[in-house]
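Asks: Following this line is query.cif, made up of mmCIF, C-alpha atoms:
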data_run
#
loop_
_atom_site.label_atom_id
_atom_site.label_comp_id
_atom_site.auth_asym_id
_atom_site.auth_seq_id
_atom_site.Cartn_x
_atom_site.Cartn_y
_atom_site.Cartn_z
CA MET G 258 85.53 -43.13 -64.77
CA ARG G 259 82.85 -43.54 -67.41
CA ILE G 260 79.94 -41.97 -65.52
CA ASN G 261 76.97 -40.86 -67.59
CA PRO G 262 75.38 -37.46 -66.91
CA ASP G 263 72.15 -38.98 -65.56
CA ASP G 264 73.76 -41.78 -63.52
CA LEU G 265 72.88 -42.03 -59.84
CA VAL G 266 76.26 -42.48 -58.12
CA LEU G 267 77.07 -44.03 -54.74
CA GLU G 268 80.48 -43.69 -53.08
CA ILE G 269 81.63 -46.21 -50.46
CA GLY G 270 84.20 -45.07 -47.90
CA SER G 271 84.00 -41.47 -49.10
CA GLY G 272 86.01 -40.16 -46.13
CA ASP G 273 87.37 -36.62 -46.16
CA ARG G 274 87.55 -36.23 -49.95
CA PRO G 275 84.43 -37.59 -51.66
CA ASN G 276 84.28 -37.56 -55.43
CA PRO G 277 82.47 -34.44 -56.73
CA ARG G 278 80.25 -36.64 -58.90
CA SER G 279 78.91 -38.81 -56.04
CA ASP G 280 75.23 -38.32 -55.16
CA VAL G 281 75.09 -40.50 -52.01
CA LEU G 282 77.90 -41.28 -49.58
CA CYS G 283 78.36 -44.32 -47.35
CA ASP G 284 80.98 -44.63 -44.62
CA ARG G 285 81.45 -47.13 -41.80
CA TYR G 286 83.22 -44.87 -39.30
CA ILE G 287 81.60 -41.48 -38.82
CA ASP G 288 83.80 -40.05 -36.05
CA ASP G 289 86.95 -42.18 -36.29
CA ASN G 290 89.66 -40.76 -38.59
CA THR G 291 92.20 -43.52 -37.91
CA GLU G 292 92.04 -44.91 -41.45
CA ARG G 293 91.46 -41.69 -43.39
CA GLY G 294 93.29 -38.40 -43.93
CA GLY G 295 90.93 -36.02 -42.15
CA ASN G 296 87.44 -35.36 -40.85
CA LEU G 297 84.53 -36.92 -42.67
CA GLN G 298 83.08 -34.55 -45.28
CA ILE G 299 79.29 -34.40 -45.08
CA ASP G 300 77.99 -32.17 -47.87
CA ARG G 301 75.39 -34.52 -49.39
CA PRO G 302 73.25 -37.49 -48.19
CA LEU G 303 75.39 -39.77 -46.03
CA ILE G 304 74.58 -43.24 -44.68
CA CYS G 305 76.55 -45.05 -41.99
CA GLY G 306 76.89 -48.56 -43.39
CA ASP G 307 79.15 -51.60 -43.54
CA GLY G 308 80.64 -52.49 -46.93
CA HIS G 309 79.94 -56.18 -46.28
CA TYR G 310 76.20 -55.47 -45.70
CA LEU G 311 75.34 -52.41 -47.75
CA PRO G 312 72.00 -50.84 -46.70
CA PHE G 313 70.67 -50.31 -50.22
CA LYS G 314 68.20 -52.01 -52.53
CA ASP G 315 69.30 -54.24 -55.40
CA LYS G 316 70.55 -52.15 -58.35
CA ALA G 317 69.59 -48.92 -56.60
CA PHE G 318 72.50 -47.13 -58.27
CA ASP G 319 73.89 -46.83 -61.78
CA TYR G 320 77.49 -46.44 -60.64
CA VAL G 321 79.44 -47.04 -57.42
CA ILE G 322 82.86 -45.64 -56.50
CA ALA G 323 85.05 -47.55 -54.03
CA SER G 324 88.34 -45.69 -53.91
CA HIS G 325 91.00 -46.89 -51.45
CA ILE G 326 88.59 -49.05 -49.46
CA ILE G 327 88.87 -52.66 -50.69
CA GLU G 328 92.28 -53.04 -49.01
CA HIS G 329 90.59 -52.34 -45.63
CA MET G 330 87.92 -55.05 -45.98
CA ASP G 331 87.79 -58.18 -43.82
CA ASP G 332 86.18 -60.05 -46.73
CA PRO G 333 86.86 -58.35 -50.10
CA VAL G 334 84.92 -61.02 -52.03
CA LYS G 335 81.80 -60.34 -49.98
CA PHE G 336 82.39 -56.61 -50.45
CA CYS G 337 82.55 -56.99 -54.24
CA GLN G 338 79.36 -59.08 -54.20
CA GLU G 339 77.63 -56.22 -52.40
CA LEU G 340 78.94 -53.69 -54.94
CA MET G 341 77.51 -55.79 -57.76
CA ARG G 342 74.22 -56.19 -55.92
CA VAL G 343 73.54 -52.48 -55.36
CA SER G 344 74.96 -51.09 -58.62
CA ARG G 345 75.22 -51.88 -62.30
CA ARG G 346 78.71 -50.52 -62.87
CA GLY G 347 81.54 -49.09 -60.86
CA TYR G 348 85.14 -48.19 -60.14
CA ILE G 349 87.62 -49.65 -57.63
CA GLU G 350 90.99 -48.13 -56.77
CA SER G 351 93.64 -49.07 -54.22
CA PRO G 352 97.40 -49.00 -53.65
CA THR G 353 99.25 -51.71 -55.53
CA GLU G 354 101.30 -54.44 -53.89
CA ILE G 355 104.44 -52.51 -54.82
CA ALA G 356 103.16 -49.33 -53.17
CA GLU G 357 102.12 -51.26 -50.07
CA LYS G 358 105.55 -52.82 -49.70
CA LEU G 359 107.36 -49.56 -50.34
CA PHE G 360 105.32 -47.25 -48.14
CA PHE G 361 103.36 -49.55 -45.81
CA TRP G 362 99.98 -48.64 -44.29
CA SER G 363 99.56 -50.57 -41.05
CA PHE G 364 95.74 -50.60 -41.24
CA HIS G 365 95.61 -52.13 -44.74
CA LYS G 366 94.90 -55.86 -44.72
CA TRP G 367 95.61 -56.86 -48.32
CA TYR G 368 98.02 -56.60 -51.23
CA VAL G 369 96.05 -55.71 -54.35
CA ASN G 370 96.99 -56.21 -58.00
CA HIS G 371 95.16 -55.84 -61.31
CA ILE G 372 96.13 -58.90 -63.36
CA GLY G 373 94.44 -59.31 -66.75
CA ASP G 374 90.72 -58.70 -66.18
CA SER G 375 90.81 -59.58 -62.47
CA ILE G 376 91.53 -58.07 -59.09
CA VAL G 377 94.00 -60.41 -57.39
CA MET G 378 94.48 -60.10 -53.62
CA GLN G 379 96.55 -61.74 -50.93
CA HIS G 380 96.82 -61.19 -47.18
CA LYS G 381 99.54 -58.76 -46.12
CA ASP G 382 102.48 -60.46 -44.48
CA THR G 383 105.26 -57.87 -44.77
CA PRO G 384 106.25 -56.21 -41.46
CA ASN G 385 106.49 -52.44 -41.18
CA ASN G 386 109.54 -51.39 -43.20
CA GLY G 387 109.96 -48.06 -41.45
CA PHE G 388 109.20 -45.94 -44.51
CA GLY G 389 105.52 -45.38 -43.74
CA ASP G 390 106.11 -42.31 -41.55
CA LEU G 391 108.59 -40.84 -44.03
CA PHE G 392 106.09 -41.30 -46.85
CA ASP G 393 103.36 -39.57 -44.83
CA TYR G 394 105.68 -36.64 -44.19
CA PHE G 395 106.61 -36.18 -47.84
CA TYR G 396 103.01 -36.61 -49.00
CA ALA G 397 101.55 -34.14 -46.49
CA TYR G 398 104.16 -31.39 -46.76
CA ASN G 399 105.43 -31.59 -50.34
CA PRO G 400 103.09 -31.58 -53.34
CA TRP G 401 106.09 -32.47 -55.52
CA TYR G 402 106.24 -35.91 -53.94
CA GLU G 403 102.57 -36.49 -54.68
CA ARG G 404 103.26 -35.52 -58.30
CA PHE G 405 106.12 -38.03 -58.38
CA GLN G 406 103.76 -40.80 -57.30
CA LYS G 407 101.22 -39.81 -59.91
CA SER G 408 103.91 -39.85 -62.60
CA VAL G 409 104.00 -43.66 -62.39
CA PRO G 410 100.36 -44.49 -61.59
CA ASP G 411 100.55 -48.10 -62.78
CA VAL G 412 103.26 -48.73 -60.21
CA PHE G 413 101.51 -47.17 -57.23
CA TRP G 414 97.76 -47.37 -57.91
CA MET G 415 95.50 -50.21 -58.97
CA THR G 416 92.42 -49.06 -60.92
CA TYR G 417 89.59 -51.33 -62.03
CA GLU G 418 86.39 -50.26 -63.77
CA TRP G 419 83.68 -52.90 -64.07
CA ASP G 420 80.34 -53.28 -65.83
CA GLY G 421 78.00 -55.98 -64.55
CA GLU G 422 80.61 -58.20 -62.91
CA ILE G 423 83.74 -57.89 -60.79
CA ASN G 424 86.34 -60.60 -61.27
CA ILE G 425 88.21 -61.08 -58.01
CA ARG G 426 90.56 -63.82 -56.78
CA ILE G 427 92.20 -64.43 -53.41
CA VAL G 428 95.62 -66.09 -53.68
CA ASP G 429 98.25 -67.36 -51.23
CA GLN G 430 101.30 -66.00 -53.07
CA SER G 431 102.02 -62.81 -54.97
CA PRO G 432 100.85 -62.98 -58.61
CA LEU G 433 103.80 -60.79 -59.59
CA LYS G 434 106.78 -62.76 -60.79
CA LEU G 435 110.15 -61.95 -59.27
CA GLU G 436 111.31 -60.45 -62.58
CA GLU G 437 108.24 -58.19 -62.74
CA ARG G 438 108.75 -56.96 -59.17
CA LYS G 439 112.40 -56.15 -59.91
CA ALA G 440 111.42 -54.31 -63.11
CA LEU G 441 108.85 -52.22 -61.26
CA LEU G 442 111.32 -51.36 -58.52
CA ARG G 443 113.88 -50.32 -61.14
CA LEU G 444 111.27 -48.05 -62.69
CA VAL G 445 110.56 -46.47 -59.32
CA ARG G 446 114.25 -45.91 -58.65
CA SER G 447 114.77 -44.39 -62.11
CA ARG G 448 111.99 -41.89 -61.40
CA GLU G 449 113.52 -41.07 -58.03
CA LYS G 450 116.90 -40.02 -59.45
CA PRO G 451 115.88 -36.51 -60.51
CA LEU G 452 114.64 -35.94 -56.96
CA ALA G 453 117.78 -37.23 -55.26
CA SER G 454 119.54 -33.86 -55.32
CA VAL G 455 116.63 -32.02 -53.70
CA LYS G 456 115.42 -34.60 -51.19
CA SER G 457 117.76 -33.30 -48.52
CA THR G 458 116.34 -29.79 -48.90
CA LEU G 459 112.70 -30.88 -49.03
CA LEU G 460 112.83 -31.93 -45.39
CA VAL G 461 113.81 -28.38 -44.44
CA LEU G 462 111.71 -26.49 -46.97
CA GLY G 463 108.63 -28.62 -46.37
CA LYS G 464 107.70 -26.97 -43.09
CA ALA G 465 109.51 -23.68 -43.59
CA ILE G 466 108.04 -22.74 -46.97
CA ILE G 467 104.93 -24.90 -47.41
CA PRO G 468 103.25 -25.49 -44.05
CA ARG G 469 100.90 -28.44 -43.95
CA ARG G 470 97.99 -26.19 -42.94
CA LEU G 471 98.48 -24.10 -46.09
CA VAL G 472 98.64 -27.17 -48.34
CA LEU G 473 95.45 -28.60 -46.82
CA GLY G 474 93.74 -25.21 -47.18
CA VAL G 475 94.55 -24.98 -50.88
CA ARG G 476 93.35 -28.53 -51.44
CA LYS G 477 90.09 -27.73 -49.66
CA LEU G 478 89.48 -24.67 -51.86
CA PHE G 479 90.26 -26.71 -54.97
CA ARG G 480 87.80 -29.43 -53.95
CA GLN G 481 85.11 -26.86 -53.26
CA ARG G 482 85.63 -25.27 -56.66
CA ARG G 483 85.35 -28.61 -58.42
CA THR G 484 82.25 -29.74 -56.57
CA SER G 485 79.31 -29.58 -58.95
CA PRO G 486 75.60 -29.52 -58.06
CA ARG G 487 74.20 -32.99 -57.42
CA ARG G 488 70.74 -34.31 -57.99
CA ALA G 489 68.16 -34.47 -55.22
CA VAL G 490 67.70 -38.02 -53.95
CA ASN G 491 64.94 -39.78 -52.05
CA LEU G 492 66.90 -41.86 -49.55
CA GLU G 493 63.88 -43.91 -48.50
CA SER G 494 63.51 -45.20 -52.06
CA LEU G 495 67.15 -46.37 -52.02
CA LEU G 496 67.58 -47.80 -48.53
CA ALA G 497 67.16 -51.44 -47.55
CA CYS G 498 67.63 -53.28 -44.29
CA PRO G 499 71.24 -54.56 -44.15
CA THR G 500 70.04 -57.66 -42.29
CA CYS G 501 67.14 -58.88 -44.46
CA GLU G 502 67.24 -56.40 -47.41
CA GLY G 503 63.62 -55.38 -46.73
CA ALA G 504 62.26 -51.94 -47.63
CA VAL G 505 62.78 -49.20 -45.07
CA LYS G 506 60.50 -46.47 -43.70
CA LEU G 507 62.64 -43.44 -42.88
CA THR G 508 61.70 -40.88 -40.20
CA SER G 509 63.67 -38.08 -38.55
CA THR G 510 64.71 -40.37 -35.68
CA GLU G 511 64.90 -43.89 -37.09
CA ALA G 512 64.81 -46.14 -40.13
CA ILE G 513 62.36 -49.03 -39.71
CA CYS G 514 62.50 -52.20 -41.79
CA GLN G 515 59.05 -53.05 -43.16
CA ASN G 516 59.96 -56.73 -43.41
CA CYS G 517 61.72 -57.75 -40.17
CA GLY G 518 60.77 -54.78 -37.99
CA ARG G 519 64.31 -53.80 -37.03
CA HIS G 520 64.81 -50.16 -36.01
CA TYR G 521 67.99 -48.31 -37.02
CA PRO G 522 68.76 -44.95 -35.36
CA VAL G 523 69.05 -41.64 -37.19
CA ARG G 524 71.56 -39.32 -35.50
CA SER G 525 72.17 -35.76 -36.66
CA GLY G 526 70.37 -36.61 -39.88
CA ILE G 527 72.55 -39.67 -40.60
CA PRO G 528 70.87 -43.11 -40.71
CA TYR G 529 73.07 -45.64 -38.90
CA MET G 530 72.28 -48.71 -40.99
CA LEU G 531 74.59 -51.17 -39.25
CA PRO G 532 73.41 -54.66 -38.23
CA ASP G 533 74.75 -54.19 -34.70
CA GLU G 534 72.91 -50.86 -34.36
CA ALA G 535 69.49 -52.41 -34.96
CA ALA G 536 66.88 -52.74 -32.24
CA THR G 537 63.95 -55.10 -32.63
CA GLY G 538 60.49 -53.59 -32.37
CA THR G 539 56.92 -53.88 -33.51
CA LEU G 540 56.62 -54.18 -37.25
CA VAL G 541 55.37 -50.96 -38.80
CA GLN G 542 53.11 -51.61 -41.77
CA SER G 543 53.75 -49.51 -44.86
CA GLN G 544 51.12 -46.96 -45.77
CA HIS G 545 51.86 -47.27 -49.47
#
Have the structure of the file written as structure tokens, please.

Replies:
Amino acid sequence: MRINPDDLVLEIGSGDRPNPRSDVLCDRYIDDNTERGGNLQIDRPLICGDGHYLPFKDKAFDYVIASHIIEHMDDPVKFCQELMRVSRRGYIESPTEIAEKLFFWSFHKWYVNHIGDSIVMQHKDTPNNGFGDLFDYFYAYNPWYERFQKSVPDVFWMTYEWDGEINIRIVDQSPLKLEERKALLRLVRSREKPLASVKSTLLVLGKAIIPRRLVLGVRKLFRQRRTSPRRAVNLESLLACPTCEGAVKLTSTEAICQNCGRHYPVRSGIPYMLPDEAATGTLVQSQH
């Protein structure tokens, strides 16, 4: 990611492992871990917001990170429009169509590919292939399997860095030709061969030698070590009403739109800037 030292960085769907470089976090589900790997990490300013209606002013940020979130969106085109509205540049990452068909995540709604200079997406239509649980086991208990995935990143992960504009297309059929899909699967199988002789032992050694709790503990320490100091931010100067995009007055208990008068609650220091959380009230005039 080409992030400049002075860039103000927003991360959408930060979940349990936000990027160390992010200055502001935004997540839709504060207490629900169904679609993430652990509890939400709150170690810097966090806003509860919907990716389709981001609660930020136009071009409030220099860079926005959206890692493993676009495949969850109801409307990925609308989501990308919001990313372009609130930031000048950014980075999008997701599992590829091949990864989705191999491993299967039931809560993902789209196949995603990076074709030329565009993100190309289609609705998921493949039923659960039964490998999803096996993948989760290997990934959680065996760091070697994670390294295997990272050894062929173009097969498993779609990365897309944009500046000014995101090119995105929704299609009805896979953009990958049959020959390309077969070639990618052959590549995956060729990388699996060195692991074939040890796969039978990994199932036993996974829990016996490397308990999941130990692996997660080491990862947590590593993330803490990598986390660098972030700049102080004035949230009020960045926030906007997700309904009308008006400026917001932020207090300890609520965020009040200065344009439409909607009131958004602040709970435990987190502004809940969701359209369905808003209550109408008397318009509060700005003192500035």

Asks: Of the candidates G:Arg426, G:His329, G:Lys316, G:Arg488, which one gets nearest to Arg301 (chain G) if we count only C-alpha atoms?

Replies: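 Of all the options, G:Arg488 lies closest to Arg301 (chain G).
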
Asks: Which of these residues is nearest to Arg285 (chain G), using only C-alpha atoms: G:Ile376, G:Gln298, G:Ala536, G:Leu531?

Replies: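 Nearest to Arg285 (chain G): G:Leu531.
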
Asks: Exactly which residues make up the result of the PyMOL selection byres ((chain G and resi 420-422) around 12) on this file, given as a PyMOL selection string?

Replies: chain G and resi 258-260+316+319-321+337-349+374-376+417-419+423-425

Asks: So which one's closest to Ser525 (chain G), G:Ser509, G:Ile355, G:Ile372, G:Asn276? Using only C-alpha atoms, please.

Replies: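 For Ser525 (chain G), the nearest of the given residues is G:Ser509.
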
Asks: What does the structure give for the distance between CA of Leu492 (chain G) and CA of Pro275 (chain G), in Å to one decimal?

Replies: 18.2 Å

Asks: Take the PyMOL selection byres ((chain G and resi 369) around 12), apply it to the structure above, and return the hits as an MDAnalysis selection string.

Replies: chainID G and resid 325:330 333 349:358 365:368 370:372 375:381 412:417 425:428 430:433

Asks: Taking only C-alpha atoms into account, which of G:Pro262, G:Gly503, G:Pro528, G:Gly373 comes nearest Ile287 (chain G)?

Replies: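 Under the stated criterion, the closest residue is G:Pro528.
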
Asks: Name all residues at most 10 Å from Ala512 (chain G) (count all atoms listed in the file; drop same-chain ones fewer than 2 positions away) and give them as a PyMOL selection string.

Replies: chain G and resi 493+496-498+504-510+514-515+518-523+528-530+535
